[in-house]
Amino acid sequence: MMNREFLQAQGFEGFKTMGELMDGARAQIPAQKGIYVVLRESEKSPQFLSEGTGGHFKGQNPNVPISELKDNWVEGTPIVYIGKAGGSGSSATLNKRLGQYLRFGQGANIGHWGGRYIWQLADSKDLVVCWKSLTIDDPREVEHQMIQDFKAIHAGKRPFANLID
């Protein structure tokens, strides 16, 4: 099962809540390329918001109907999103990319459209973020493989907030 213990064994670190990262712990995120995972470790059923906290990038509303959120929810896993920073043709770092993601979740007009569903979770500030720096591997390839591994375990479904493979 892909959970905190599995991710720790794979070399992921951090494990900070969105709230902690928004309140200054972001400085702990490395300025290197890599991958990150967002976890919802609560055992309670998720509560979805019709209006989340995500920013309206280029005037587009990031919110989707609650029925769509329910359809995308994956039971039996804490993993709600797998993301990447850097890779071929990108100079993004984990610190920069996660910073954009956090600011988008705080309503900023920033282009971090991927993963936007998490900002419609009532407990989005309690979600846990972990990351893994990659010195050799391409983050795009690692992210893709992790999503494929997830789909193999969860009947072909992607993590809740991953809209594409």
# chains A, B, ... in the order shown; residues from 1 in each chain; ligands from 1
$ select_by_dssp --residues "chain A" --states "strand (DSSP E or B)" --output "list in words"
Glu13, Gly14, Phe15, Lys16, Thr17, Gly34, Ile35, Tyr36, Val37, Val38, Leu39, Phe48, Ile79, Val80, Tyr81, Ile82, Gly83, Lys84, Ala85, Gly87, Ser90, Leu121, Val128, Val129, Cys130, Trp131, Lys132 and Ser133 of chain A
$ write_last_selection --atoms "N, CA, C and O atoms" --output "short mmCIF file (atom, residue, chain, number, x, y, z; two decimals), in the first residue's frame"
data_model
loop_
_atom_site.label_atom_id
_atom_site.label_comp_id
_atom_site.auth_asym_id
_atom_site.auth_seq_id
_atom_site.Cartn_x
_atom_site.Cartn_y
_atom_site.Cartn_z
N GLU A 13 10.68 12.78 2.36
CA GLU A 13 10.87 13.47 3.63
C GLU A 13 9.93 14.66 3.71
O GLU A 13 9.14 14.89 2.81
N GLY A 14 10.02 15.40 4.79
CA GLY A 14 9.15 16.55 4.98
C GLY A 14 7.98 16.21 5.85
O GLY A 14 8.00 16.43 7.05
N PHE A 15 6.93 15.68 5.24
CA PHE A 15 5.70 15.30 5.94
C PHE A 15 5.18 16.46 6.80
O PHE A 15 4.99 16.32 8.00
N LYS A 16 4.97 17.60 6.15
CA LYS A 16 4.44 18.80 6.79
C LYS A 16 3.02 19.04 6.28
O LYS A 16 2.72 18.76 5.11
N THR A 17 2.18 19.60 7.14
CA THR A 17 0.83 19.91 6.68
C THR A 17 0.87 21.14 5.78
O THR A 17 1.80 21.95 5.85
N GLY A 34 12.53 17.39 -8.19
CA GLY A 34 12.05 16.20 -7.49
C GLY A 34 10.57 15.97 -7.68
O GLY A 34 9.93 16.52 -8.59
N ILE A 35 10.03 15.15 -6.81
CA ILE A 35 8.61 14.82 -6.84
C ILE A 35 8.04 15.04 -5.44
O ILE A 35 8.77 15.04 -4.45
N TYR A 36 6.74 15.25 -5.39
CA TYR A 36 6.08 15.44 -4.10
C TYR A 36 4.75 14.72 -4.11
O TYR A 36 4.17 14.45 -5.17
N VAL A 37 4.29 14.39 -2.92
CA VAL A 37 3.04 13.66 -2.76
C VAL A 37 2.23 14.37 -1.68
O VAL A 37 2.78 14.79 -0.65
N VAL A 38 0.93 14.50 -1.93
CA VAL A 38 0.01 15.09 -0.96
C VAL A 38 -0.84 13.96 -0.40
O VAL A 38 -1.43 13.18 -1.15
N LEU A 39 -0.89 13.88 0.93
CA LEU A 39 -1.61 12.83 1.64
C LEU A 39 -2.76 13.40 2.46
O LEU A 39 -2.62 14.47 3.05
N PHE A 48 -16.47 17.97 0.90
CA PHE A 48 -16.13 18.78 -0.27
C PHE A 48 -16.81 20.14 -0.20
O PHE A 48 -17.94 20.25 0.24
N ILE A 79 -3.17 8.86 -0.44
CA ILE A 79 -2.57 9.68 -1.49
C ILE A 79 -3.66 10.38 -2.30
O ILE A 79 -4.54 9.73 -2.87
N VAL A 80 -3.59 11.72 -2.34
CA VAL A 80 -4.57 12.48 -3.10
C VAL A 80 -3.95 13.20 -4.30
O VAL A 80 -4.68 13.65 -5.18
N TYR A 81 -2.61 13.33 -4.33
CA TYR A 81 -1.97 14.00 -5.47
C TYR A 81 -0.50 13.65 -5.52
O TYR A 81 0.16 13.55 -4.49
N ILE A 82 0.00 13.45 -6.74
CA ILE A 82 1.42 13.23 -6.99
C ILE A 82 1.85 14.30 -7.98
O ILE A 82 1.25 14.46 -9.04
N GLY A 83 2.88 15.07 -7.62
CA GLY A 83 3.34 16.16 -8.47
C GLY A 83 4.84 16.11 -8.70
O GLY A 83 5.56 15.34 -8.07
N LYS A 84 5.31 16.97 -9.59
CA LYS A 84 6.73 17.00 -9.95
C LYS A 84 7.22 18.44 -10.00
O LYS A 84 6.44 19.38 -10.13
N ALA A 85 8.53 18.57 -9.91
CA ALA A 85 9.17 19.87 -10.05
C ALA A 85 10.47 19.66 -10.80
O ALA A 85 11.29 18.84 -10.41
N GLY A 87 12.89 18.84 -14.31
CA GLY A 87 12.94 17.80 -15.33
C GLY A 87 13.38 18.41 -16.64
O GLY A 87 13.79 19.57 -16.71
N SER A 90 12.72 22.16 -17.77
CA SER A 90 12.14 22.95 -16.68
C SER A 90 13.19 23.20 -15.60
O SER A 90 13.91 22.29 -15.21
N LEU A 121 -11.32 20.48 -0.71
CA LEU A 121 -11.47 19.65 0.48
C LEU A 121 -11.56 20.58 1.69
O LEU A 121 -10.73 21.49 1.83
N VAL A 128 -1.06 16.50 4.23
CA VAL A 128 0.37 16.37 4.49
C VAL A 128 1.12 16.30 3.17
O VAL A 128 0.73 15.56 2.27
N VAL A 129 2.21 17.06 3.09
CA VAL A 129 3.04 17.08 1.88
C VAL A 129 4.41 16.48 2.21
O VAL A 129 5.02 16.83 3.22
N CYS A 130 4.85 15.58 1.36
CA CYS A 130 6.21 15.06 1.47
C CYS A 130 6.87 15.17 0.11
O CYS A 130 6.20 15.33 -0.90
N TRP A 131 8.19 15.13 0.08
CA TRP A 131 8.92 15.32 -1.16
C TRP A 131 10.17 14.47 -1.20
O TRP A 131 10.65 13.99 -0.17
N LYS A 132 10.68 14.32 -2.40
CA LYS A 132 11.91 13.56 -2.62
C LYS A 132 12.71 14.27 -3.70
O LYS A 132 12.23 14.44 -4.83
N SER A 133 13.91 14.70 -3.35
CA SER A 133 14.80 15.32 -4.34
C SER A 133 15.31 14.25 -5.28
O SER A 133 15.56 13.11 -4.86
#
$ closest_atom_pairs --of "stretch 103-152 of chain A" --to "stretch 67-72 of chain A" --cutoff "12 Å" --atoms "only C-alpha atoms" --output "CSV"
residue,atom,partner,partner_atom,distance
A:Gly115,CA,A:Leu69,CA,11.8
A:Arg116,CA,A:Leu69,CA,10.7
A:Tyr117,CA,A:Leu69,CA,7.1
A:Ile118,CA,A:Leu69,CA,9.3
A:Trp119,CA,A:Leu69,CA,10.9
A:Gln120,CA,A:Leu69,CA,8.3
A:Leu121,CA,A:Leu69,CA,9.1
$ closest_residue --among "A:Val74, A:Ala31, A:Ala9, A:Ala25" --to "A:His154" --atoms "only C-alpha atoms"
A:Val74
$ closest_residue --among "A:Asp165, A:Asp23, A:Phe6, A:Pro159" --to "A:Gln145" --atoms "only C-alpha atoms"
A:Asp165
$ residues_around --residues "A:Lys96" --least-positions-apart "2" --cutoff "12 Å" --atoms "only C-alpha atoms" --output "MDAnalysis selection string"
chainID A and resid 26:34 84:86 90:94 98:103 112
$ atom_distance --atom1 "atom CA of A:Ile153" --atom2 "atom CA of A:Asp138"
23.1 Å
$ select_by_dssp --residues "stretch 11-140 of chain A" --states "alpha helix (DSSP H)" --output "list in words"
Met18, Gly19, Glu20, Leu21, Met22, Ile66, Ser67, Glu68, Leu69, Lys70, Asp71, Asn72, Leu94, Asn95, Lys96, Arg97, Leu98, Gly99, Gln100, Tyr101, Leu102, Arg103, Phe104, Gly105, Pro139 and Arg140 of chain A
$ atom_distance --atom1 "atom CA of A:Gly107" --atom2 "atom CA of A:Thr53"
5.4 Å
$ atom_distance --atom1 "atom CA of A:Leu21" --atom2 "atom CA of A:Leu127"
10.4 Å
$ closest_residue --among "A:Leu163, A:Ile66, A:Ala108, A:Ala155" --to "A:Leu49" --atoms "only C-alpha atoms"
A:Ile66
$ decode --residues "stretch 33-44 of chain A" --atoms "all heavy atoms" --output "JSON list (two decimals), in the first residue's frame"
[["chain", "number", "residue", "atom", "x", "y", "z"],
["A", 33, "LYS", "N", 15.26, 19.73, -8.01],
["A", 33, "LYS", "CA", 14.18, 19.07, -8.73],
["A", 33, "LYS", "C", 13.74, 17.84, -7.95],
["A", 33, "LYS", "O", 14.50, 17.32, -7.12],
["A", 33, "LYS", "CB", 14.62, 18.69, -10.15],
["A", 33, "LYS", "CG", 15.66, 17.58, -10.21],
["A", 33, "LYS", "CD", 16.02, 17.24, -11.64],
["A", 33, "LYS", "CE", 17.03, 16.08, -11.64],
["A", 33, "LYS", "NZ", 17.32, 15.62, -12.98],
["A", 34, "GLY", "N", 12.53, 17.39, -8.19],
["A", 34, "GLY", "CA", 12.05, 16.20, -7.49],
["A", 34, "GLY", "C", 10.57, 15.97, -7.68],
["A", 34, "GLY", "O", 9.93, 16.52, -8.59],
["A", 35, "ILE", "N", 10.03, 15.15, -6.81],
["A", 35, "ILE", "CA", 8.61, 14.82, -6.84],
["A", 35, "ILE", "C", 8.04, 15.04, -5.44],
["A", 35, "ILE", "O", 8.77, 15.04, -4.45],
["A", 35, "ILE", "CB", 8.35, 13.38, -7.32],
["A", 35, "ILE", "CG1", 9.16, 12.37, -6.52],
["A", 35, "ILE", "CG2", 8.64, 13.24, -8.79],
["A", 35, "ILE", "CD1", 8.84, 10.93, -6.83],
["A", 36, "TYR", "N", 6.74, 15.25, -5.39],
["A", 36, "TYR", "CA", 6.08, 15.44, -4.10],
["A", 36, "TYR", "C", 4.75, 14.72, -4.11],
["A", 36, "TYR", "O", 4.17, 14.45, -5.17],
["A", 36, "TYR", "CB", 5.93, 16.92, -3.75],
["A", 36, "TYR", "CG", 5.16, 17.75, -4.74],
["A", 36, "TYR", "CD1", 3.81, 18.01, -4.56],
["A", 36, "TYR", "CD2", 5.79, 18.29, -5.86],
["A", 36, "TYR", "CE1", 3.11, 18.79, -5.47],
["A", 36, "TYR", "CE2", 5.10, 19.07, -6.77],
["A", 36, "TYR", "CZ", 3.76, 19.32, -6.56],
["A", 36, "TYR", "OH", 3.07, 20.09, -7.46],
["A", 37, "VAL", "N", 4.29, 14.39, -2.92],
["A", 37, "VAL", "CA", 3.04, 13.66, -2.76],
["A", 37, "VAL", "C", 2.23, 14.37, -1.68],
["A", 37, "VAL", "O", 2.78, 14.79, -0.65],
["A", 37, "VAL", "CB", 3.30, 12.19, -2.36],
["A", 37, "VAL", "CG1", 1.99, 11.44, -2.10],
["A", 37, "VAL", "CG2", 4.12, 11.47, -3.43],
["A", 38, "VAL", "N", 0.93, 14.50, -1.93],
["A", 38, "VAL", "CA", 0.01, 15.09, -0.96],
["A", 38, "VAL", "C", -0.84, 13.96, -0.40],
["A", 38, "VAL", "O", -1.43, 13.18, -1.15],
["A", 38, "VAL", "CB", -0.87, 16.19, -1.60],
["A", 38, "VAL", "CG1", -1.81, 16.79, -0.56],
["A", 38, "VAL", "CG2", 0.00, 17.28, -2.24],
["A", 39, "LEU", "N", -0.89, 13.88, 0.93],
["A", 39, "LEU", "CA", -1.61, 12.83, 1.64],
["A", 39, "LEU", "C", -2.76, 13.40, 2.46],
["A", 39, "LEU", "O", -2.62, 14.47, 3.05],
["A", 39, "LEU", "CB", -0.68, 12.09, 2.61],
["A", 39, "LEU", "CG", 0.63, 11.55, 2.07],
["A", 39, "LEU", "CD1", 1.58, 11.20, 3.20],
["A", 39, "LEU", "CD2", 0.35, 10.31, 1.23],
["A", 40, "ARG", "N", -3.84, 12.67, 2.50],
["A", 40, "ARG", "CA", -4.93, 12.97, 3.44],
["A", 40, "ARG", "C", -5.01, 11.78, 4.37],
["A", 40, "ARG", "O", -5.49, 10.71, 4.00],
["A", 40, "ARG", "CB", -6.26, 13.19, 2.72],
["A", 40, "ARG", "CG", -7.39, 13.56, 3.68],
["A", 40, "ARG", "CD", -8.70, 13.85, 2.94],
["A", 40, "ARG", "NE", -9.71, 14.28, 3.88],
["A", 40, "ARG", "CZ", -10.52, 13.43, 4.55],
["A", 40, "ARG", "NH1", -10.42, 12.12, 4.37],
["A", 40, "ARG", "NH2", -11.42, 13.92, 5.38],
["A", 41, "GLU", "N", -4.51, 11.97, 5.59],
["A", 41, "GLU", "CA", -4.38, 10.85, 6.51],
["A", 41, "GLU", "C", -5.58, 10.68, 7.44],
["A", 41, "GLU", "O", -5.62, 9.74, 8.21],
["A", 41, "GLU", "CB", -3.08, 11.00, 7.32],
["A", 41, "GLU", "CG", -1.86, 10.93, 6.41],
["A", 41, "GLU", "CD", -0.54, 11.02, 7.14],
["A", 41, "GLU", "OE1", -0.39, 11.87, 8.03],
["A", 41, "GLU", "OE2", 0.35, 10.21, 6.81],
["A", 42, "SER", "N", -6.57, 11.55, 7.34],
["A", 42, "SER", "CA", -7.77, 11.44, 8.16],
["A", 42, "SER", "C", -8.55, 10.19, 7.77],
["A", 42, "SER", "O", -8.65, 9.85, 6.59],
["A", 42, "SER", "CB", -8.65, 12.68, 7.97],
["A", 42, "SER", "OG", -9.89, 12.50, 8.64],
["A", 43, "GLU", "N", -9.11, 9.54, 8.76],
["A", 43, "GLU", "CA", -9.95, 8.36, 8.52],
["A", 43, "GLU", "C", -11.39, 8.76, 8.19],
["A", 43, "GLU", "O", -12.17, 7.93, 7.74],
["A", 43, "GLU", "CB", -9.94, 7.46, 9.77],
["A", 43, "GLU", "CG", -8.56, 6.98, 10.17],
["A", 43, "GLU", "CD", -8.10, 5.77, 9.38],
["A", 43, "GLU", "OE1", -8.95, 4.98, 8.97],
["A", 43, "GLU", "OE2", -6.87, 5.66, 9.18],
["A", 44, "LYS", "N", -11.74, 10.02, 8.44],
["A", 44, "LYS", "CA", -13.10, 10.49, 8.21],
["A", 44, "LYS", "C", -13.37, 10.65, 6.72],
["A", 44, "LYS", "O", -12.46, 10.94, 5.94],
["A", 44, "LYS", "CB", -13.33, 11.83, 8.91],
["A", 44, "LYS", "CG", -13.22, 11.77, 10.41],
["A", 44, "LYS", "CD", -13.39, 13.14, 11.02],
["A", 44, "LYS", "CE", -13.19, 13.09, 12.53],
["A", 44, "LYS", "NZ", -13.26, 14.44, 13.11]]
